[in-house]
Amino acid sequence: MKNYLLTEEQIIALFNAAAEHYELYVPVNSENGQVFCWEKTARLDKMVPSNIQPTASIKKFFFPNSEPMFGFKKEKQEIELYQAAASVPRLVLGVHSCDLGSIKVLEALFKDTVDDELFREKRQNTVLVGISCSAKDWACFCSQLEINSRFSQDGDLFITPREEKYILSVTSAKGEDYVNKYLENGETVAGFTPANDLGEEETFTLDFPKIKEVMDSGFELPVWEKFARKCINCGICTFLCPTCHCFDVFDEARRERGARFRCYDSCMFPEFTRMAGGYNPRSAKAARLRQRYLHKYKYFVDNFNLIACSGCGRCIRHCPVNVDVRQNLNILQHSGSEGEDD
Amino acid sequence: MPLAEIIAGKCQDCQYQEMDNYDELLPYPQKIGLTAKGENVLTAYEKLEFEKRWPEWARHFENCIQCFACRKVCPMCYCTECIASKNEPRLIPQSVGGKQNTVWQITRIMHLAGRCIDCGECERVCPAKLPLRRLTLKMRQIVNDYYKYVPGLDPRQDLFWSSYSKKDPEYLIFKPEEK
(Lines give C-alpha, C1' and ligand atoms only; values in the text may rest on other atoms or scores of the structure.)
Protein backbone atom coordinates (compact mmCIF):
# COMPACT_ATOMS: atom_id res chain seq x y z
CA MET A 1 0.00 0.00 0.00
CA LYS A 2 1.45 3.31 -1.07
CA ASN A 3 0.96 6.40 1.05
CA TYR A 4 1.49 9.99 0.02
CA LEU A 5 1.85 13.03 2.23
CA LEU A 6 0.06 15.91 0.54
CA THR A 7 -0.75 19.48 1.43
CA GLU A 8 -4.33 20.72 1.19
CA GLU A 9 -3.56 22.48 -2.13
CA GLN A 10 -2.05 19.32 -3.55
CA ILE A 11 -4.94 17.13 -2.58
CA ILE A 12 -7.51 19.59 -3.93
CA ALA A 13 -5.51 19.81 -7.15
CA LEU A 14 -5.47 16.02 -7.37
CA PHE A 15 -9.24 15.83 -7.41
CA ASN A 16 -9.76 18.90 -9.56
CA ALA A 17 -7.29 17.55 -12.14
CA ALA A 18 -9.79 14.90 -13.10
CA ALA A 19 -12.83 17.18 -13.07
CA GLU A 20 -13.05 17.06 -16.85
CA HIS A 21 -13.35 13.31 -16.95
CA TYR A 22 -15.11 12.60 -13.69
CA GLU A 23 -18.25 13.83 -12.03
CA LEU A 24 -17.19 14.99 -8.60
CA TYR A 25 -19.44 14.25 -5.62
CA VAL A 26 -18.92 15.77 -2.18
CA PRO A 27 -20.87 15.78 1.08
CA VAL A 28 -21.85 19.40 1.66
CA ASN A 29 -23.87 21.13 4.30
CA SER A 30 -27.15 22.42 3.02
CA GLU A 31 -28.74 25.50 4.56
CA ASN A 32 -30.63 23.56 7.22
CA GLY A 33 -27.48 21.80 8.34
CA GLN A 34 -28.51 18.48 6.95
CA VAL A 35 -26.58 16.50 4.37
CA PHE A 36 -28.97 14.31 2.52
CA CYS A 37 -26.64 12.93 -0.10
CA TRP A 38 -23.33 13.59 -1.80
CA GLU A 39 -23.89 16.39 -4.24
CA LYS A 40 -22.35 16.99 -7.59
CA THR A 41 -19.95 19.87 -7.75
CA ALA A 42 -17.97 21.34 -10.61
CA ARG A 43 -14.84 22.05 -8.61
CA LEU A 44 -13.47 21.46 -5.17
CA ASP A 45 -12.54 24.66 -3.32
CA LYS A 46 -11.62 23.28 0.05
CA MET A 47 -11.15 19.85 1.47
CA VAL A 48 -14.33 18.06 2.54
CA PRO A 49 -14.92 17.79 6.30
CA SER A 50 -14.38 14.42 7.93
CA ASN A 51 -17.41 14.51 10.21
CA ILE A 52 -20.24 14.19 7.69
CA GLN A 53 -22.17 11.02 7.11
CA PRO A 54 -24.90 11.77 4.56
CA THR A 55 -28.40 10.49 5.30
CA ALA A 56 -28.55 8.54 2.05
CA SER A 57 -25.93 5.85 1.94
CA ILE A 58 -23.25 5.12 -0.66
CA LYS A 59 -25.35 2.42 -2.30
CA LYS A 60 -27.18 5.17 -4.18
CA PHE A 61 -24.21 5.37 -6.52
CA PHE A 62 -24.27 1.71 -7.54
CA PHE A 63 -27.79 0.71 -6.78
CA PRO A 64 -29.95 3.84 -7.01
CA ASN A 65 -33.41 4.36 -5.59
CA SER A 66 -34.81 3.60 -9.01
CA GLU A 67 -33.01 3.08 -12.27
CA PRO A 68 -34.05 2.22 -15.80
CA MET A 69 -32.75 -1.20 -16.84
CA PHE A 70 -33.61 -0.72 -20.48
CA GLY A 71 -35.97 1.29 -22.60
CA PHE A 72 -38.46 0.00 -25.13
CA LYS A 73 -40.42 1.54 -27.93
CA LYS A 74 -42.84 0.36 -30.53
CA GLU A 75 -42.75 1.63 -34.06
CA LYS A 76 -45.41 0.27 -36.40
CA GLN A 77 -45.31 -3.38 -35.39
CA GLU A 78 -41.64 -3.51 -34.42
CA ILE A 79 -40.60 -3.48 -30.79
CA GLU A 80 -37.15 -2.13 -30.11
CA LEU A 81 -35.19 -2.45 -26.87
CA TYR A 82 -32.41 -0.04 -26.11
CA GLN A 83 -29.93 0.75 -23.37
CA ALA A 84 -31.56 3.25 -21.05
CA ALA A 85 -28.64 5.10 -19.52
CA ALA A 86 -24.89 4.90 -19.77
CA SER A 87 -22.90 5.20 -16.59
CA VAL A 88 -20.41 8.05 -16.32
CA PRO A 89 -17.09 8.08 -14.44
CA ARG A 90 -17.58 9.45 -10.95
CA LEU A 91 -15.42 10.33 -8.02
CA VAL A 92 -17.04 10.29 -4.61
CA LEU A 93 -15.21 12.11 -1.85
CA GLY A 94 -15.49 11.83 1.89
CA VAL A 95 -16.88 8.32 2.32
CA HIS A 96 -16.71 6.88 5.82
CA SER A 97 -15.42 3.40 6.62
CA CYS A 98 -18.90 2.11 7.40
CA ASP A 99 -20.12 2.96 3.91
CA LEU A 100 -16.98 1.54 2.32
CA GLY A 101 -17.39 -1.65 4.32
CA SER A 102 -20.92 -2.08 3.07
CA ILE A 103 -19.87 -2.29 -0.55
CA LYS A 104 -18.51 -5.81 -0.22
CA VAL A 105 -21.96 -6.90 0.91
CA LEU A 106 -23.51 -5.55 -2.28
CA GLU A 107 -20.65 -7.00 -4.31
CA ALA A 108 -21.18 -10.45 -2.84
CA LEU A 109 -24.58 -10.38 -4.44
CA PHE A 110 -24.46 -8.14 -7.50
CA LYS A 111 -20.94 -9.05 -8.57
CA ASP A 112 -19.98 -12.47 -7.26
CA THR A 113 -23.31 -14.28 -7.33
CA VAL A 114 -24.76 -12.78 -10.47
CA ASP A 115 -22.83 -10.55 -12.79
CA ASP A 116 -25.17 -7.60 -12.68
CA GLU A 117 -24.29 -5.34 -15.56
CA LEU A 118 -25.89 -2.23 -14.10
CA PHE A 119 -24.04 -2.61 -10.82
CA ARG A 120 -20.73 -3.65 -12.34
CA GLU A 121 -20.51 -0.72 -14.74
CA LYS A 122 -21.25 1.79 -12.03
CA ARG A 123 -18.80 0.26 -9.60
CA GLN A 124 -16.04 0.12 -12.21
CA ASN A 125 -16.66 3.70 -13.17
CA THR A 126 -16.59 5.10 -9.64
CA VAL A 127 -13.53 6.03 -7.64
CA LEU A 128 -14.35 6.00 -3.93
CA VAL A 129 -12.27 8.25 -1.75
CA GLY A 130 -12.68 7.45 1.91
CA ILE A 131 -11.96 9.78 4.78
CA SER A 132 -10.99 9.08 8.35
CA CYS A 133 -14.10 9.62 10.47
CA SER A 134 -13.75 12.27 13.15
CA ALA A 135 -17.19 12.27 14.66
CA LYS A 136 -19.07 9.24 15.78
CA ASP A 137 -22.46 9.93 17.18
CA TRP A 138 -24.80 8.14 19.53
CA ALA A 139 -26.11 5.79 16.86
CA CYS A 140 -22.80 4.59 15.39
CA PHE A 141 -21.78 1.01 16.11
CA CYS A 142 -19.20 0.18 13.47
CA SER A 143 -16.62 -0.91 16.06
CA GLN A 144 -18.98 -3.72 17.02
CA LEU A 145 -18.65 -5.01 13.46
CA GLU A 146 -14.87 -4.68 13.49
CA ILE A 147 -14.87 -1.77 11.09
CA ASN A 148 -12.18 0.77 11.80
CA SER A 149 -13.76 4.20 11.53
CA ARG A 150 -10.34 5.81 11.09
CA PHE A 151 -9.08 3.68 8.24
CA SER A 152 -10.43 1.35 5.58
CA GLN A 153 -9.05 -0.52 2.61
CA ASP A 154 -12.44 -1.22 1.06
CA GLY A 155 -12.45 1.86 -1.16
CA ASP A 156 -10.02 3.02 -3.80
CA LEU A 157 -8.26 5.85 -1.99
CA PHE A 158 -8.29 6.86 1.65
CA ILE A 159 -7.51 10.17 3.26
CA THR A 160 -6.21 10.59 6.80
CA PRO A 161 -5.78 14.20 7.94
CA ARG A 162 -2.50 14.74 9.72
CA GLU A 163 -1.35 18.08 11.13
CA GLU A 164 -2.62 20.45 8.44
CA LYS A 165 -1.62 17.90 5.80
CA TYR A 166 -3.21 14.77 4.46
CA ILE A 167 -2.05 11.22 4.07
CA LEU A 168 -3.44 9.68 0.92
CA SER A 169 -3.42 5.89 0.98
CA VAL A 170 -3.85 3.97 -2.23
CA THR A 171 -6.06 1.01 -1.44
CA SER A 172 -6.95 -0.48 -4.83
CA ALA A 173 -5.62 -0.89 -8.35
CA LYS A 174 -8.17 1.61 -9.57
CA GLY A 175 -7.00 4.09 -6.98
CA GLU A 176 -3.44 3.53 -8.11
CA ASP A 177 -4.34 4.20 -11.73
CA TYR A 178 -6.01 7.39 -10.68
CA VAL A 179 -3.03 8.60 -8.66
CA ASN A 180 -0.55 7.70 -11.41
CA LYS A 181 -2.58 9.63 -13.89
CA TYR A 182 -3.39 12.78 -11.95
CA LEU A 183 -0.92 13.23 -9.10
CA GLU A 184 2.00 15.53 -9.70
CA ASN A 185 5.06 15.45 -7.43
CA GLY A 186 3.58 13.41 -4.65
CA GLU A 187 5.85 12.75 -1.72
CA THR A 188 5.48 9.20 -0.46
CA VAL A 189 5.77 8.38 3.21
CA ALA A 190 7.14 5.15 4.55
CA GLY A 191 5.90 3.51 7.68
CA PHE A 192 2.44 5.01 7.90
CA THR A 193 0.43 3.24 10.56
CA PRO A 194 -3.30 3.80 10.18
CA ALA A 195 -5.02 5.20 13.22
CA ASN A 196 -7.02 2.91 15.44
CA ASP A 197 -10.73 3.04 15.75
CA LEU A 198 -12.27 5.88 17.73
CA GLY A 199 -14.22 3.46 19.85
CA GLU A 200 -17.70 3.95 21.16
CA GLU A 201 -19.34 4.33 24.48
CA GLU A 202 -20.73 0.85 24.46
CA THR A 203 -22.94 -0.37 27.19
CA PHE A 204 -22.86 -3.90 25.81
CA THR A 205 -20.84 -5.94 23.34
CA LEU A 206 -22.57 -7.64 20.50
CA ASP A 207 -21.37 -11.18 19.96
CA PHE A 208 -22.42 -11.85 16.39
CA PRO A 209 -21.63 -15.59 16.27
CA LYS A 210 -23.77 -15.96 19.40
CA ILE A 211 -26.55 -13.90 17.86
CA LYS A 212 -26.44 -16.08 14.76
CA GLU A 213 -26.67 -19.16 16.93
CA VAL A 214 -29.77 -17.82 18.67
CA MET A 215 -31.28 -16.86 15.32
CA ASP A 216 -30.61 -20.34 13.88
CA SER A 217 -33.17 -21.79 16.21
CA GLY A 218 -35.04 -18.65 17.10
CA PHE A 219 -37.58 -18.29 14.32
CA GLU A 220 -40.47 -18.60 16.73
CA LEU A 221 -39.04 -16.58 19.62
CA PRO A 222 -41.66 -14.38 21.27
CA VAL A 223 -39.25 -11.42 21.32
CA TRP A 224 -39.92 -10.69 17.64
CA GLU A 225 -43.40 -9.62 18.60
CA LYS A 226 -41.96 -7.37 21.26
CA PHE A 227 -39.44 -5.75 18.89
CA ALA A 228 -42.09 -5.02 16.32
CA ARG A 229 -44.59 -3.46 18.68
CA LYS A 230 -43.58 0.12 18.01
CA CYS A 231 -42.45 -0.32 14.40
CA ILE A 232 -44.68 1.61 12.00
CA ASN A 233 -43.56 -0.32 8.90
CA CYS A 234 -42.20 2.59 6.94
CA GLY A 235 -39.25 1.97 4.66
CA ILE A 236 -36.72 4.35 6.22
CA CYS A 237 -34.40 1.69 7.69
CA THR A 238 -34.27 -0.36 4.51
CA PHE A 239 -33.99 2.55 2.09
CA LEU A 240 -31.23 4.30 4.01
CA CYS A 241 -29.36 1.10 4.89
CA PRO A 242 -26.17 0.77 2.83
CA THR A 243 -26.52 -3.01 2.61
CA CYS A 244 -30.28 -3.53 2.10
CA HIS A 245 -30.70 -4.49 -1.52
CA CYS A 246 -34.20 -5.83 -2.18
CA PHE A 247 -35.77 -4.44 -5.30
CA ASP A 248 -38.84 -4.60 -7.46
CA VAL A 249 -38.91 -4.63 -11.24
CA PHE A 250 -41.73 -3.11 -13.25
CA ASP A 251 -42.52 -1.39 -16.52
CA GLU A 252 -43.57 2.19 -16.85
CA ALA A 253 -44.89 3.12 -20.26
CA ARG A 254 -46.66 5.97 -21.95
CA ARG A 255 -48.18 5.42 -25.35
CA GLU A 256 -45.61 3.67 -27.52
CA ARG A 257 -42.52 3.95 -25.33
CA GLY A 258 -41.38 3.22 -21.84
CA ALA A 259 -38.74 1.68 -19.66
CA ARG A 260 -38.28 -1.21 -17.33
CA PHE A 261 -37.33 0.08 -13.91
CA ARG A 262 -35.68 -1.48 -10.96
CA CYS A 263 -36.35 0.30 -7.69
CA TYR A 264 -35.97 -0.30 -3.97
CA ASP A 265 -38.55 -2.41 -2.30
CA SER A 266 -38.74 -2.93 1.41
CA CYS A 267 -39.45 -6.04 3.45
CA MET A 268 -41.09 -3.64 5.91
CA PHE A 269 -43.98 -3.03 3.50
CA PRO A 270 -46.88 -5.48 3.73
CA GLU A 271 -47.14 -5.46 -0.09
CA PHE A 272 -43.62 -6.86 -0.36
CA THR A 273 -44.73 -10.48 -0.01
CA ARG A 274 -48.37 -10.18 -1.04
CA MET A 275 -49.19 -12.69 -3.75
CA ALA A 276 -51.36 -12.08 -6.76
CA GLY A 277 -54.14 -14.14 -5.18
CA GLY A 278 -54.12 -11.95 -2.08
CA TYR A 279 -52.37 -14.30 0.34
CA ASN A 280 -49.55 -12.75 2.33
CA PRO A 281 -47.09 -15.08 4.08
CA ARG A 282 -45.67 -12.17 6.05
CA SER A 283 -48.79 -10.30 6.95
CA ALA A 284 -47.74 -9.74 10.56
CA LYS A 285 -45.51 -6.83 11.43
CA ALA A 286 -43.31 -9.03 13.64
CA ALA A 287 -42.70 -11.42 10.75
CA ARG A 288 -41.49 -8.57 8.57
CA LEU A 289 -39.14 -7.15 11.18
CA ARG A 290 -37.83 -10.65 11.88
CA GLN A 291 -37.13 -11.10 8.18
CA ARG A 292 -34.99 -7.98 8.11
CA TYR A 293 -32.95 -9.04 11.13
CA LEU A 294 -32.56 -12.65 10.00
CA HIS A 295 -31.56 -11.55 6.52
CA LYS A 296 -28.80 -9.33 7.88
CA TYR A 297 -27.39 -11.41 10.68
CA LYS A 298 -28.25 -14.97 9.70
CA TYR A 299 -29.19 -15.67 6.05
CA PHE A 300 -26.45 -13.50 4.64
CA VAL A 301 -23.92 -15.14 6.94
CA ASP A 302 -25.17 -18.57 5.83
CA ASN A 303 -24.94 -17.69 2.16
CA PHE A 304 -21.93 -15.41 1.91
CA ASN A 305 -20.18 -15.62 5.26
CA LEU A 306 -20.65 -11.88 5.66
CA ILE A 307 -22.77 -9.87 8.06
CA ALA A 308 -25.00 -7.60 6.03
CA CYS A 309 -24.54 -4.67 8.36
CA SER A 310 -21.75 -2.15 8.69
CA GLY A 311 -22.85 -0.38 11.85
CA CYS A 312 -23.45 2.99 10.17
CA GLY A 313 -26.38 3.56 12.50
CA ARG A 314 -28.72 5.11 9.94
CA CYS A 315 -31.58 2.78 10.82
CA ILE A 316 -31.26 3.87 14.45
CA ARG A 317 -30.68 7.56 13.84
CA HIS A 318 -33.55 8.04 11.41
CA CYS A 319 -36.13 5.65 12.82
CA PRO A 320 -39.26 7.65 13.65
CA VAL A 321 -40.07 5.44 16.62
CA ASN A 322 -36.60 4.66 18.05
CA VAL A 323 -36.33 1.02 17.10
CA ASP A 324 -32.73 0.33 18.07
CA VAL A 325 -31.19 -2.68 16.37
CA ARG A 326 -28.32 -2.79 18.90
CA GLN A 327 -30.67 -3.13 21.83
CA ASN A 328 -32.71 -5.74 20.03
CA LEU A 329 -29.65 -7.79 19.13
CA ASN A 330 -28.52 -7.53 22.72
CA ILE A 331 -31.82 -8.91 23.92
CA LEU A 332 -31.51 -11.67 21.34
CA GLN A 333 -28.01 -12.70 22.34
CA HIS A 334 -29.15 -13.12 25.92
CA SER A 335 -32.51 -14.68 25.20
CA GLY A 336 -30.99 -18.12 24.49
CA SER A 337 -29.39 -18.60 27.87
CA GLU A 338 -31.36 -16.56 30.35
CA GLY A 339 -34.86 -17.08 29.08
CA GLU A 340 -37.49 -14.44 28.62
CA ASP A 341 -37.79 -11.18 30.40
CA ASP A 342 -40.44 -8.77 29.40
CA MET B 1 -35.04 21.10 32.63
CA PRO B 2 -37.48 23.57 31.11
CA LEU B 3 -40.14 21.87 29.01
CA ALA B 4 -39.49 24.21 26.11
CA GLU B 5 -36.03 22.72 25.64
CA ILE B 6 -37.14 19.14 25.21
CA ILE B 7 -40.47 19.34 23.44
CA ALA B 8 -40.68 19.19 19.67
CA GLY B 9 -40.49 22.43 17.72
CA LYS B 10 -44.00 22.00 16.40
CA CYS B 11 -45.37 21.88 19.96
CA GLN B 12 -43.78 25.21 20.74
CA ASP B 13 -46.23 27.01 18.54
CA CYS B 14 -49.17 24.78 19.37
CA GLN B 15 -52.36 26.80 19.33
CA TYR B 16 -54.50 24.18 21.01
CA GLN B 17 -53.00 23.39 24.37
CA GLU B 18 -56.32 23.26 26.10
CA MET B 19 -59.04 21.26 24.43
CA ASP B 20 -62.36 20.39 26.06
CA ASN B 21 -63.11 17.02 24.51
CA TYR B 22 -61.35 14.81 27.04
CA ASP B 23 -62.62 12.28 29.53
CA GLU B 24 -59.97 12.92 32.14
CA LEU B 25 -57.50 15.76 32.27
CA LEU B 26 -54.19 15.26 33.98
CA PRO B 27 -52.69 18.41 35.38
CA TYR B 28 -49.83 19.78 33.30
CA PRO B 29 -46.51 19.49 35.09
CA GLN B 30 -45.44 22.66 33.39
CA LYS B 31 -47.20 24.96 31.01
CA ILE B 32 -45.57 25.08 27.60
CA GLY B 33 -44.48 28.64 27.13
CA LEU B 34 -45.60 29.52 23.64
CA THR B 35 -42.88 31.06 21.60
CA ALA B 36 -45.66 32.97 19.87
CA LYS B 37 -44.53 31.64 16.54
CA GLY B 38 -48.08 30.79 15.63
CA GLU B 39 -48.33 30.31 11.93
CA ASN B 40 -44.86 31.59 11.31
CA VAL B 41 -43.83 28.48 9.42
CA LEU B 42 -46.33 29.41 6.79
CA THR B 43 -46.19 33.18 6.91
CA ALA B 44 -42.41 33.19 6.72
CA TYR B 45 -42.57 30.94 3.70
CA GLU B 46 -45.23 33.01 2.00
CA LYS B 47 -42.94 36.00 2.02
CA LEU B 48 -40.87 34.17 -0.54
CA GLU B 49 -41.47 35.40 -4.06
CA PHE B 50 -43.88 33.28 -6.00
CA GLU B 51 -41.35 32.47 -8.75
CA LYS B 52 -38.82 31.19 -6.25
CA ARG B 53 -41.18 28.77 -4.58
CA TRP B 54 -41.40 26.08 -7.20
CA PRO B 55 -37.62 25.61 -7.68
CA GLU B 56 -37.34 25.21 -3.93
CA TRP B 57 -40.04 22.56 -3.82
CA ALA B 58 -38.56 20.78 -6.81
CA ARG B 59 -35.29 20.50 -4.92
CA HIS B 60 -37.05 19.15 -1.84
CA PHE B 61 -39.15 16.62 -3.75
CA GLU B 62 -36.02 15.42 -5.53
CA ASN B 63 -34.79 14.13 -2.17
CA CYS B 64 -37.93 12.16 -1.31
CA ILE B 65 -37.13 8.44 -1.29
CA GLN B 66 -40.74 7.26 -1.14
CA CYS B 67 -40.19 5.39 2.10
CA PHE B 68 -43.80 6.28 3.01
CA ALA B 69 -42.90 7.11 6.59
CA CYS B 70 -45.10 10.23 6.27
CA ARG B 71 -48.05 8.04 5.37
CA LYS B 72 -47.36 5.40 7.98
CA VAL B 73 -46.97 7.81 10.85
CA CYS B 74 -49.90 10.04 9.92
CA PRO B 75 -52.88 9.54 12.24
CA MET B 76 -55.23 10.68 9.48
CA CYS B 77 -53.83 8.41 6.75
CA TYR B 78 -56.21 5.58 7.52
CA CYS B 79 -57.04 4.13 4.12
CA THR B 80 -56.84 0.35 4.21
CA GLU B 81 -55.18 0.39 0.85
CA CYS B 82 -53.24 3.45 -0.16
CA ILE B 83 -53.46 4.67 -3.73
CA ALA B 84 -49.65 4.63 -3.84
CA SER B 85 -49.60 0.88 -3.17
CA LYS B 86 -52.14 -0.05 -5.81
CA ASN B 87 -50.71 -1.90 -8.76
CA GLU B 88 -53.55 -2.07 -11.23
CA PRO B 89 -54.02 0.62 -12.26
CA ARG B 90 -50.90 2.24 -10.91
CA LEU B 91 -51.75 5.90 -10.43
CA ILE B 92 -48.70 6.97 -8.48
CA PRO B 93 -45.48 6.17 -10.36
CA GLN B 94 -43.36 3.60 -8.60
CA SER B 95 -40.11 4.91 -9.96
CA VAL B 96 -38.47 7.59 -7.86
CA GLY B 97 -37.51 10.99 -9.17
CA GLY B 98 -38.39 14.66 -8.83
CA LYS B 99 -41.59 14.45 -10.85
CA GLN B 100 -42.80 11.13 -9.53
CA ASN B 101 -42.17 12.12 -5.92
CA THR B 102 -44.07 15.35 -6.47
CA VAL B 103 -47.09 13.37 -7.63
CA TRP B 104 -46.98 11.29 -4.48
CA GLN B 105 -46.46 14.15 -2.03
CA ILE B 106 -49.05 16.47 -3.58
CA THR B 107 -51.59 13.64 -3.77
CA ARG B 108 -51.14 12.84 -0.12
CA ILE B 109 -51.32 16.46 1.01
CA MET B 110 -54.44 17.17 -1.06
CA HIS B 111 -56.06 14.05 0.31
CA LEU B 112 -55.46 15.35 3.82
CA ALA B 113 -57.16 18.69 3.23
CA GLY B 114 -59.85 19.03 5.86
CA ARG B 115 -58.43 16.08 7.79
CA CYS B 116 -54.90 17.09 8.74
CA ILE B 117 -54.80 17.94 12.43
CA ASP B 118 -51.35 19.54 12.19
CA CYS B 119 -49.56 17.12 14.46
CA GLY B 120 -46.47 17.72 12.32
CA GLU B 121 -45.42 14.09 12.46
CA CYS B 122 -44.86 13.78 8.70
CA GLU B 123 -42.31 16.54 8.81
CA ARG B 124 -40.65 15.15 11.91
CA VAL B 125 -40.13 11.63 10.57
CA CYS B 126 -39.07 12.55 7.03
CA PRO B 127 -35.48 11.37 6.54
CA ALA B 128 -35.10 13.78 3.62
CA LYS B 129 -36.36 16.67 5.78
CA LEU B 130 -39.12 17.81 3.44
CA PRO B 131 -40.86 20.83 4.99
CA LEU B 132 -44.25 19.15 4.67
CA ARG B 133 -45.87 21.20 7.40
CA ARG B 134 -45.87 24.23 5.14
CA LEU B 135 -48.14 22.35 2.78
CA THR B 136 -50.43 20.89 5.42
CA LEU B 137 -50.75 24.23 7.18
CA LYS B 138 -51.67 25.85 3.90
CA MET B 139 -54.40 23.26 3.32
CA ARG B 140 -55.73 23.91 6.82
CA GLN B 141 -55.74 27.62 6.12
CA ILE B 142 -57.65 27.22 2.85
CA VAL B 143 -60.22 24.90 4.39
CA ASN B 144 -60.73 27.28 7.29
CA ASP B 145 -60.96 30.36 5.08
CA TYR B 146 -63.51 28.87 2.72
CA TYR B 147 -65.47 26.50 4.91
CA LYS B 148 -64.83 27.65 8.47
CA TYR B 149 -63.64 24.23 9.43
CA VAL B 150 -60.63 23.31 11.53
CA PRO B 151 -60.10 19.54 11.61
CA GLY B 152 -60.12 18.05 15.08
CA LEU B 153 -61.13 21.21 16.89
CA ASP B 154 -64.79 20.55 17.54
CA PRO B 155 -66.00 16.94 17.50
CA ARG B 156 -69.62 18.15 17.35
CA GLN B 157 -69.10 19.95 14.08
CA ASP B 158 -70.14 18.15 10.89
CA LEU B 159 -67.18 16.63 9.12
CA PHE B 160 -65.75 18.64 6.29
CA TRP B 161 -65.85 15.86 3.76
CA SER B 162 -69.27 14.49 4.60
CA SER B 163 -71.34 17.62 4.93
CA TYR B 164 -72.72 19.98 2.36
CA SER B 165 -74.27 23.34 2.64
CA LYS B 166 -75.70 25.52 -0.09
CA LYS B 167 -73.64 28.31 1.36
CA ASP B 168 -70.39 26.49 0.61
CA PRO B 169 -68.25 28.58 -1.69
CA GLU B 170 -67.46 27.03 -5.00
CA TYR B 171 -64.17 28.74 -5.65
CA LEU B 172 -62.37 25.47 -5.66
CA ILE B 173 -64.52 24.15 -8.48
CA PHE B 174 -65.43 27.26 -10.42
CA LYS B 175 -63.34 30.32 -10.90
CA PRO B 176 -64.56 33.19 -8.75
CA GLU B 177 -66.84 35.45 -10.75
CA GLU B 178 -65.16 38.61 -11.80
CA LYS B 179 -66.89 41.70 -10.57
# chains A, B, ... in the order shown; residues from 1 in each chain; ligands from 1
$ select_by_dssp --residues "segment 112-308 of chain A" --states "strand (DSSP E or B)" --output "PyMOL selection string"
chain A and resi 126-131+157-162+165-170+187-188+247-254+257-264
$ interface_residues --of "chain A" --to "chain B" --cutoff "8 Å" --atoms "only C-alpha atoms" --output "list in words"
Phe36, Thr55, Asn65, Ser66, Glu67, Ile232, Asn233, Cys234, Gly235, Ile236, Phe239, Glu252, Phe261, Arg262, Cys263, Glu271, His318, Cys319 and Pro320 of chain A
$ atom_distance --atom1 "atom CA of Asp265 of chain A" --atom2 "atom CA of Cys246 of chain A"
5.5 Å
$ closest_residue --among "B:Leu42, B:Met76, B:Met19, B:Leu25" --to "Arg133 of chain B" --atoms "only C-alpha atoms"
B:Leu42
$ residues_around --residues "Lys10 of chain B" --least-positions-apart "2" --cutoff "10 Å" --atoms "only C-alpha atoms" --output "short mmCIF file (atom, residue, chain, number, x, y, z; two decimals) with N, CA and C atoms, in the first residue's frame"
data_model
loop_
_atom_site.label_atom_id
_atom_site.label_comp_id
_atom_site.auth_asym_id
_atom_site.auth_seq_id
_atom_site.Cartn_x
_atom_site.Cartn_y
_atom_site.Cartn_z
N ILE B 7 -39.34 19.68 24.30
CA ILE B 7 -40.47 19.34 23.44
C ILE B 7 -40.17 19.67 21.98
N ALA B 8 -40.90 19.00 21.10
CA ALA B 8 -40.68 19.19 19.67
C ALA B 8 -40.98 20.63 19.26
N GLN B 12 -44.06 23.89 20.17
CA GLN B 12 -43.78 25.21 20.74
C GLN B 12 -44.67 26.29 20.16
N ASP B 13 -45.24 26.02 18.99
CA ASP B 13 -46.23 27.01 18.54
C ASP B 13 -47.62 26.38 18.44
N CYS B 14 -47.86 25.43 19.35
CA CYS B 14 -49.17 24.78 19.37
C CYS B 14 -50.25 25.77 19.82
N LYS B 37 -44.85 31.75 17.96
CA LYS B 37 -44.53 31.64 16.54
C LYS B 37 -45.81 31.56 15.71
N GLY B 38 -46.80 30.91 16.31
CA GLY B 38 -48.08 30.79 15.63
C GLY B 38 -47.93 30.18 14.26
N VAL B 41 -44.38 29.39 10.42
CA VAL B 41 -43.83 28.48 9.42
C VAL B 41 -44.37 28.84 8.05
N ASP B 118 -52.58 18.81 11.94
CA ASP B 118 -51.35 19.54 12.19
C ASP B 118 -50.58 18.98 13.40
N CYS B 119 -50.41 17.68 13.41
CA CYS B 119 -49.56 17.12 14.46
C CYS B 119 -48.09 17.26 14.08
N GLY B 120 -47.84 17.48 12.78
CA GLY B 120 -46.47 17.72 12.32
C GLY B 120 -45.61 16.49 12.26
N GLU B 121 -46.21 15.32 12.44
CA GLU B 121 -45.42 14.09 12.46
C GLU B 121 -44.75 13.80 11.11
N GLU B 123 -43.54 15.76 8.96
CA GLU B 123 -42.31 16.54 8.81
C GLU B 123 -41.24 16.03 9.76
N ARG B 124 -41.64 15.62 10.95
CA ARG B 124 -40.65 15.15 11.91
C ARG B 124 -39.95 13.87 11.44
N ARG B 133 -44.89 20.49 6.59
CA ARG B 133 -45.87 21.20 7.40
C ARG B 133 -46.32 22.50 6.72
#
$ closest_residue --among "A:Phe62, A:Tyr4, A:Phe208, A:Tyr293" --to "Phe192 of chain A" --atoms "only C-alpha atoms"
A:Tyr4
$ select_by_dssp --residues "segment 90-123 of chain B" --states "alpha helix (DSSP H)" --output "MDAnalysis selection string"
chainID B and resid 98:111 121:123
$ closest_residue --among "A:Asp137, A:Asp197, A:Asp115, A:Glu187" --to "Ser149 of chain A" --atoms "only C-alpha atoms"
A:Asp197
$ atom_distance --atom1 "atom CA of Glu170 of chain B" --atom2 "atom CA of Tyr147 of chain B"
10.1 Å
$ atom_distance --atom1 "atom CA of Trp138 of chain A" --atom2 "atom CA of Ile52 of chain A"
14.1 Å
$ closest_residue --among "A:Glu220, A:Asp99, A:Glu78, A:Glu225" --to "Cys133 of chain A" --atoms "only C-alpha atoms"
A:Asp99
